[in-house]
>>> print(open('structure-v1.txt').read())   # compact mmCIF, C-alpha atoms
# COMPACT_ATOMS: atom_id res chain seq x y z
CA GLY A 20 14.91 -3.10 -12.63
CA GLU A 21 15.31 -4.87 -9.35
CA ASP A 22 13.18 -7.90 -8.70
CA VAL A 23 12.74 -9.34 -5.21
CA GLU A 24 10.91 -12.63 -4.76
CA GLN A 25 9.60 -14.43 -1.69
CA SER A 26 7.37 -17.41 -1.16
CA LEU A 27 3.96 -16.26 0.07
CA PHE A 28 3.25 -18.61 2.98
CA LEU A 29 5.10 -20.58 5.64
CA SER A 30 3.55 -22.61 8.43
CA VAL A 31 5.53 -23.98 11.38
CA ARG A 32 4.86 -25.42 14.83
CA GLU A 33 5.66 -23.47 17.98
CA GLY A 34 9.22 -24.18 19.11
CA ASP A 35 10.46 -25.13 15.63
CA SER A 36 12.81 -22.99 13.55
CA SER A 37 11.38 -20.92 10.70
CA VAL A 38 13.35 -20.14 7.57
CA ILE A 39 12.03 -17.43 5.26
CA ASN A 40 13.75 -17.14 1.89
CA CYS A 41 14.23 -14.28 -0.53
CA THR A 42 15.92 -13.97 -3.92
CA TYR A 43 16.89 -10.79 -5.70
CA THR A 44 18.31 -9.88 -9.08
CA ASP A 45 20.57 -6.83 -8.64
CA SER A 46 24.00 -7.85 -7.38
CA SER A 47 24.94 -4.20 -6.68
CA SER A 48 22.52 -3.97 -3.74
CA THR A 49 24.47 -2.64 -0.76
CA TYR A 50 22.19 -3.43 2.16
CA LEU A 51 19.50 -6.07 2.53
CA TYR A 52 16.76 -5.88 5.13
CA TRP A 53 14.13 -7.89 6.90
CA TYR A 54 10.94 -6.23 8.13
CA LYS A 55 8.01 -7.63 10.12
CA GLN A 56 4.41 -6.47 9.72
CA GLU A 57 1.70 -7.42 12.19
CA PRO A 58 -2.00 -7.02 11.26
CA GLY A 59 -3.06 -3.38 10.97
CA ALA A 60 0.43 -2.07 11.68
CA GLY A 61 3.32 -0.54 9.81
CA LEU A 62 6.60 -2.31 9.08
CA GLN A 63 9.03 -2.97 11.91
CA LEU A 64 12.72 -3.15 11.02
CA LEU A 65 14.03 -6.48 12.34
CA THR A 66 17.57 -6.56 11.03
CA TYR A 67 19.74 -5.78 8.04
CA ILE A 68 22.97 -7.06 6.56
CA PHE A 69 25.67 -5.37 4.54
CA SER A 70 26.39 -7.02 1.22
CA ASN A 71 29.97 -7.93 2.15
CA MET A 72 28.77 -10.08 5.05
CA ASP A 73 27.70 -13.71 4.89
CA MET A 74 25.86 -13.95 8.17
CA LYS A 75 24.47 -11.82 10.96
CA GLN A 76 22.98 -13.09 14.20
CA ASP A 77 20.82 -11.11 16.59
CA GLN A 78 19.29 -13.13 19.43
CA ARG A 79 16.78 -15.55 17.82
CA LEU A 80 17.30 -14.11 14.33
CA THR A 81 19.98 -15.27 11.90
CA VAL A 82 20.38 -13.71 8.48
CA LEU A 83 22.29 -15.60 5.80
CA LEU A 84 23.40 -13.99 2.56
CA ASN A 85 24.62 -15.93 -0.47
CA LYS A 86 25.76 -13.24 -2.88
CA LYS A 87 26.70 -15.69 -5.60
CA ASP A 88 23.14 -17.06 -5.74
CA LYS A 89 21.56 -13.70 -4.76
CA HIS A 90 19.75 -15.45 -1.95
CA LEU A 91 18.86 -14.02 1.46
CA SER A 92 17.27 -15.94 4.30
CA LEU A 93 15.94 -15.18 7.76
CA ARG A 94 15.98 -17.93 10.34
CA ILE A 95 13.89 -17.54 13.49
CA ALA A 96 14.91 -19.94 16.23
CA ASP A 97 12.35 -21.30 18.72
CA THR A 98 9.44 -19.73 16.82
CA GLN A 99 6.64 -18.44 19.03
CA THR A 100 2.99 -17.65 18.28
CA GLY A 101 3.90 -13.96 18.63
CA ASP A 102 6.15 -14.35 15.60
CA SER A 103 3.08 -14.86 13.39
CA ALA A 104 3.18 -11.95 10.94
CA ILE A 105 4.15 -11.03 7.40
CA TYR A 106 7.89 -10.80 6.78
CA PHE A 107 9.29 -8.63 4.00
CA CYS A 108 12.77 -8.69 2.60
CA ALA A 109 14.02 -5.52 0.93
CA VAL A 110 17.15 -4.52 -0.95
CA ALA A 111 18.64 -1.04 -1.13
CA ARG A 112 19.21 0.41 -4.56
CA ALA A 113 19.84 4.04 -5.52
CA GLY A 114 18.66 5.34 -2.17
CA LYS A 115 15.39 3.42 -2.24
CA LEU A 116 14.24 0.10 -0.85
CA ILE A 117 12.75 -2.50 -3.17
CA PHE A 118 10.46 -4.92 -1.33
CA GLY A 119 9.45 -8.50 -1.92
CA GLN A 120 5.81 -9.55 -1.80
CA GLY A 121 6.02 -10.64 1.81
CA THR A 122 5.88 -14.11 3.41
CA GLU A 123 3.01 -14.80 5.78
CA LEU A 124 4.34 -16.85 8.70
CA SER A 125 1.76 -18.86 10.61
CA VAL A 126 2.85 -20.43 13.90
CA LYS A 127 0.67 -23.23 15.19
CA PRO A 128 0.65 -24.12 18.91
CA GLU V 5 11.18 2.70 18.63
CA ALA V 6 10.98 5.05 15.66
CA ASP V 7 9.28 8.43 16.13
CA ILE V 8 7.24 8.58 12.95
CA TYR V 9 3.55 9.34 13.04
CA GLN V 10 0.68 9.11 10.61
CA THR V 11 -2.80 10.55 10.89
CA PRO V 12 -5.50 9.57 10.52
CA ARG V 13 -5.01 5.84 11.11
CA TYR V 14 -8.32 5.04 9.42
CA LEU V 15 -10.35 7.14 7.00
CA VAL V 16 -13.61 6.36 5.22
CA ILE V 17 -14.57 9.03 2.74
CA GLY V 18 -16.88 9.51 -0.23
CA THR V 19 -15.89 9.74 -3.87
CA GLY V 20 -14.76 13.17 -5.05
CA LYS V 21 -13.56 14.45 -1.67
CA LYS V 22 -10.15 16.00 -1.21
CA ILE V 23 -8.03 14.31 1.45
CA THR V 24 -4.64 14.87 3.02
CA LEU V 25 -2.77 12.11 4.81
CA GLU V 26 -0.31 13.43 7.37
CA CYS V 27 3.15 12.05 8.12
CA SER V 28 5.56 13.51 10.66
CA GLN V 29 8.87 12.39 12.09
CA THR V 30 10.86 13.87 14.95
CA MET V 31 14.20 12.26 14.12
CA GLY V 32 15.42 14.98 11.76
CA HIS V 33 15.61 12.52 8.88
CA ASP V 34 16.20 14.06 5.48
CA LYS V 35 14.76 11.21 3.41
CA MET V 36 11.04 10.45 3.53
CA TYR V 37 8.90 8.03 1.53
CA TRP V 38 5.27 7.15 0.80
CA TYR V 39 4.31 3.58 -0.06
CA GLN V 40 0.98 2.15 -1.14
CA GLN V 41 0.29 -1.35 0.09
CA ASP V 42 -2.07 -3.53 -1.91
CA PRO V 43 -4.53 -5.91 -0.23
CA GLY V 44 -2.21 -8.67 -1.46
CA MET V 45 0.53 -7.22 0.79
CA GLU V 46 3.04 -5.91 -1.79
CA LEU V 47 4.46 -2.42 -1.15
CA HIS V 48 4.87 0.09 -3.96
CA LEU V 49 6.85 3.33 -3.67
CA ILE V 50 4.68 6.24 -4.87
CA HIS V 51 6.61 9.33 -3.69
CA TYR V 52 9.88 10.22 -2.01
CA SER V 53 11.80 13.25 -0.84
CA TYR V 54 15.47 13.72 -0.08
CA GLY V 55 15.00 17.04 1.69
CA VAL V 56 13.02 20.26 1.94
CA ASN V 57 11.53 21.39 -1.38
CA SER V 58 12.60 18.11 -3.01
CA THR V 59 9.95 15.60 -4.12
CA GLU V 60 10.04 12.81 -6.69
CA LYS V 61 7.57 10.30 -8.06
CA GLY V 62 8.18 6.69 -7.17
CA ASP V 63 7.98 3.49 -9.13
CA LEU V 64 4.19 3.21 -9.08
CA SER V 65 2.24 5.96 -10.82
CA SER V 66 -0.13 7.70 -8.41
CA GLU V 67 -2.68 10.49 -8.73
CA SER V 68 -1.63 11.78 -5.33
CA THR V 69 0.73 14.69 -4.74
CA VAL V 70 3.16 15.44 -1.92
CA SER V 71 4.96 18.44 -0.49
CA ARG V 72 8.03 18.89 1.73
CA ILE V 73 8.04 22.37 3.19
CA ARG V 74 9.50 21.30 6.54
CA THR V 75 11.99 18.53 7.23
CA GLU V 76 9.72 16.77 9.69
CA HIS V 77 6.51 16.86 7.64
CA PHE V 78 5.62 15.02 4.39
CA PRO V 79 1.86 15.17 3.67
CA LEU V 80 0.18 13.31 0.81
CA THR V 81 -2.88 14.79 -0.91
CA LEU V 82 -5.56 13.33 -3.14
CA GLU V 83 -7.52 16.12 -4.83
CA SER V 84 -10.49 13.92 -5.72
CA ALA V 85 -10.70 10.53 -4.05
CA ARG V 86 -11.94 7.51 -6.00
CA PRO V 87 -12.70 3.93 -4.95
CA SER V 88 -9.52 2.83 -6.77
CA HIS V 89 -7.55 4.83 -4.15
CA THR V 90 -8.72 2.47 -1.42
CA SER V 91 -5.53 1.06 0.09
CA GLN V 92 -3.13 1.28 2.98
CA TYR V 93 -0.63 4.15 2.79
CA LEU V 94 2.65 3.81 4.67
CA CYS V 95 5.08 6.63 5.36
CA ALA V 96 8.75 6.01 6.11
CA SER V 97 11.86 8.01 6.86
CA ARG V 98 15.63 7.49 6.82
CA SER V 99 18.66 9.52 7.80
CA THR V 100 22.01 9.24 6.03
CA GLY V 101 22.36 5.91 7.82
CA VAL V 102 21.05 2.52 6.93
CA GLU V 103 17.83 2.13 8.91
CA GLN V 104 14.52 3.07 7.34
CA TYR V 105 11.62 3.37 9.75
CA PHE V 106 7.92 3.15 9.02
CA GLY V 107 4.88 4.83 10.50
CA PRO V 108 1.81 2.83 11.54
CA GLY V 109 -0.01 3.48 8.25
CA THR V 110 -3.30 5.03 7.16
CA ARG V 111 -6.00 2.69 5.93
CA LEU V 112 -8.07 4.63 3.39
CA THR V 113 -11.47 3.49 2.14
CA VAL V 114 -13.21 5.50 -0.57
CA THR V 115 -16.90 4.69 -0.97
>>> encode(input="structure-v1.txt", output="structure tokens")
Amino acid sequence: GEDVEQSLFLSVREGDSSVINCTYTDSSSTYLYWYKQEPGAGLQLLTYIFSNMDMKQDQRLTVLLNKKDKHLSLRIADTQTGDSAIYFCAVARAGKLIFGQGTELSVKP
Amino acid sequence: EADIYQTPRYLVIGTGKKITLECSQTMGHDKMYWYQQDPGMELHLIHYSYGVNSTEKGDLSSESTVSRIRTEHFPLTLESARPSHTSQYLCASRSTGVEQYFGPGTRLTVT
């Protein structure tokens, strides 16, 4: 089955860029997603990328997809304390989303 | 902002009680999902539905059951709650498009 892996923690200083990485195993995944979860809340869809794209930019967010290495990353420019949250990558397979374990981003002032 | 709602948001209940977690969406989405989120953050799919009168078990075995009598409503029921059911339960929905939206979650504690 599909396996989606993320590192568990990332700590950055306010104003720096954050890069959250994700690897997956199933090369037939059509769409790949990034979600944000703040404490006590549900998951908020941040962005997604179609598998035939290499990059997608949306304001401070840049998604990079390396299909050959099955590697997805989310870059947050000018990281703010409000960006502190857990970030999940997910891949679509057979009508369902398979999630990684989540990366806890801590932004220090 | 997605229009998907879950009630209650928090529930503390004793062992052996029957509980129903409610999930509703006003977007007319045909696909709906229930996830269980461990304290260690990982999400596991426990049930899904692709339309009225269609329900399937997810990847993680669960003692809960679901029903889909109306498009907008996808309740989850535990006939006899146990402490091992303590978790956060997240409902989500998706149309034929790409975006899948989540509700705010129900945090269940069984004492």
>>> closest_atom_pairs(input="structure-v1.txt", of="chain A", to="chain V", cutoff="8 Å", atoms="all atoms listed in the file", output="JSON lines")
{"residue": "A:Tyr50", "atom": "CA", "partner": "V:Val102", "partner_atom": "CA", "distance": 7.7}
{"residue": "A:Gly59", "atom": "CA", "partner": "V:Pro108", "partner_atom": "CA", "distance": 7.9}
{"residue": "A:Ala60", "atom": "CA", "partner": "V:Pro108", "partner_atom": "CA", "distance": 5.1}
{"residue": "A:Gly61", "atom": "CA", "partner": "V:Pro108", "partner_atom": "CA", "distance": 4.1}
{"residue": "A:Leu62", "atom": "CA", "partner": "V:Phe106", "partner_atom": "CA", "distance": 5.6}
{"residue": "A:Gln63", "atom": "CA", "partner": "V:Phe106", "partner_atom": "CA", "distance": 6.9}
{"residue": "A:Leu64", "atom": "CA", "partner": "V:Tyr105", "partner_atom": "CA", "distance": 6.7}
{"residue": "A:Phe118", "atom": "CA", "partner": "V:Leu47", "partner_atom": "CA", "distance": 6.5}
{"residue": "A:Gly119", "atom": "CA", "partner": "V:Glu46", "partner_atom": "CA", "distance": 6.9}
{"residue": "A:Gln120", "atom": "CA", "partner": "V:Glu46", "partner_atom": "CA", "distance": 4.6}
{"residue": "A:Gly121", "atom": "CA", "partner": "V:Met45", "partner_atom": "CA", "distance": 6.5}
>>> residues_near_point(input="structure-v1.txt", point="(2.1, 10.5, 5.8)", cutoff="6 Å", atoms="all atoms listed in the file", output="PyMOL selection string")
chain V and resi 10+25-27+78-79+95
>>> closest_residue(input="structure-v1.txt", among="V:Ser53, V:Thr81, V:Asp34, V:Thr11", to="V:Ser66", atoms="all atoms listed in the file")
V:Thr81
>>> atom_distance(input="structure-v1.txt", atom1="atom CA of A:Ser47", atom2="atom CA of V:Ser99")
20.9 Å
>>> atom_distance(input="structure-v1.txt", atom1="atom CA of A:Val38", atom2="atom CA of A:Met72")
18.6 Å
>>> build_atoms(input="structure-v1.txt", residues="stretch 91-126 of chain A", atoms="N, CA and C atoms", output="CSV table (one decimal), keeping the file's coordinate frame")
chain,number,residue,atom,x,y,z
A,91,LEU,N,18.9,-14.5,0.1
A,91,LEU,CA,18.9,-14.0,1.5
A,91,LEU,C,17.9,-14.9,2.3
A,92,SER,N,18.2,-15.2,3.5
A,92,SER,CA,17.3,-15.9,4.3
A,92,SER,C,17.3,-15.4,5.7
A,93,LEU,N,16.1,-15.6,6.4
A,93,LEU,CA,15.9,-15.2,7.8
A,93,LEU,C,15.5,-16.4,8.5
A,94,ARG,N,16.3,-16.8,9.5
A,94,ARG,CA,16.0,-17.9,10.3
A,94,ARG,C,15.5,-17.4,11.7
A,95,ILE,N,14.4,-17.9,12.2
A,95,ILE,CA,13.9,-17.5,13.5
A,95,ILE,C,14.0,-18.8,14.3
A,96,ALA,N,14.8,-18.8,15.4
A,96,ALA,CA,14.9,-19.9,16.2
A,96,ALA,C,13.8,-19.9,17.3
A,97,ASP,N,13.4,-21.1,17.7
A,97,ASP,CA,12.4,-21.3,18.7
A,97,ASP,C,11.1,-20.4,18.4
A,98,THR,N,10.5,-20.6,17.3
A,98,THR,CA,9.4,-19.7,16.8
A,98,THR,C,8.3,-19.8,17.8
A,99,GLN,N,7.8,-18.6,18.1
A,99,GLN,CA,6.6,-18.4,19.0
A,99,GLN,C,5.4,-17.9,18.3
A,100,THR,N,4.2,-18.1,18.9
A,100,THR,CA,3.0,-17.6,18.3
A,100,THR,C,3.0,-16.1,18.0
A,101,GLY,N,3.8,-15.4,18.8
A,101,GLY,CA,3.9,-14.0,18.6
A,101,GLY,C,4.7,-13.6,17.4
A,102,ASP,N,5.4,-14.6,16.8
A,102,ASP,CA,6.2,-14.4,15.6
A,102,ASP,C,5.3,-14.4,14.4
A,103,SER,N,4.0,-14.8,14.5
A,103,SER,CA,3.1,-14.9,13.4
A,103,SER,C,2.9,-13.5,12.8
A,104,ALA,N,3.2,-13.3,11.6
A,104,ALA,CA,3.2,-12.0,10.9
A,104,ALA,C,3.6,-12.1,9.5
A,105,ILE,N,3.6,-11.0,8.8
A,105,ILE,CA,4.2,-11.0,7.4
A,105,ILE,C,5.6,-10.5,7.4
A,106,TYR,N,6.5,-11.2,6.8
A,106,TYR,CA,7.9,-10.8,6.8
A,106,TYR,C,8.3,-10.4,5.4
A,107,PHE,N,8.9,-9.2,5.3
A,107,PHE,CA,9.3,-8.6,4.0
A,107,PHE,C,10.8,-8.6,3.9
A,108,CYS,N,11.4,-9.0,2.8
A,108,CYS,CA,12.8,-8.7,2.6
A,108,CYS,C,12.8,-7.5,1.7
A,109,ALA,N,13.9,-6.7,1.8
A,109,ALA,CA,14.0,-5.5,0.9
A,109,ALA,C,15.5,-5.3,0.6
A,110,VAL,N,15.8,-4.8,-0.6
A,110,VAL,CA,17.2,-4.5,-1.0
A,110,VAL,C,17.3,-3.0,-1.3
A,111,ALA,N,18.4,-2.5,-0.9
A,111,ALA,CA,18.6,-1.0,-1.1
A,111,ALA,C,19.2,-0.8,-2.5
A,112,ARG,N,18.7,0.1,-3.2
A,112,ARG,CA,19.2,0.4,-4.6
A,112,ARG,C,18.9,1.9,-4.9
A,113,ALA,N,20.0,2.6,-5.1
A,113,ALA,CA,19.8,4.0,-5.5
A,113,ALA,C,19.0,4.8,-4.5
A,114,GLY,N,19.3,4.6,-3.2
A,114,GLY,CA,18.7,5.3,-2.2
A,114,GLY,C,17.3,4.9,-1.8
A,115,LYS,N,16.8,3.9,-2.5
A,115,LYS,CA,15.4,3.4,-2.2
A,115,LYS,C,15.4,1.9,-1.9
A,116,LEU,N,14.4,1.5,-1.2
A,116,LEU,CA,14.2,0.1,-0.8
A,116,LEU,C,13.2,-0.5,-1.8
A,117,ILE,N,13.6,-1.7,-2.3
A,117,ILE,CA,12.8,-2.5,-3.2
A,117,ILE,C,12.3,-3.7,-2.3
A,118,PHE,N,11.0,-3.9,-2.2
A,118,PHE,CA,10.5,-4.9,-1.3
A,118,PHE,C,10.0,-6.2,-2.1
A,119,GLY,N,10.1,-7.3,-1.4
A,119,GLY,CA,9.4,-8.5,-1.9
A,119,GLY,C,8.0,-8.5,-1.6
A,120,GLN,N,7.3,-9.5,-2.0
A,120,GLN,CA,5.8,-9.6,-1.8
A,120,GLN,C,5.4,-9.8,-0.4
A,121,GLY,N,6.3,-10.3,0.4
A,121,GLY,CA,6.0,-10.6,1.8
A,121,GLY,C,5.7,-12.1,2.0
A,122,THR,N,6.2,-12.7,3.1
A,122,THR,CA,5.9,-14.1,3.4
A,122,THR,C,5.0,-14.1,4.7
A,123,GLU,N,3.9,-14.7,4.6
A,123,GLU,CA,3.0,-14.8,5.8
A,123,GLU,C,3.4,-16.0,6.6
A,124,LEU,N,3.9,-15.8,7.8
A,124,LEU,CA,4.3,-16.8,8.7
A,124,LEU,C,3.2,-17.2,9.7
A,125,SER,N,2.8,-18.4,9.7
A,125,SER,CA,1.8,-18.9,10.6
A,125,SER,C,2.4,-19.8,11.6
A,126,VAL,N,2.3,-19.6,12.9
A,126,VAL,CA,2.8,-20.4,13.9
A,126,VAL,C,1.7,-21.1,14.7
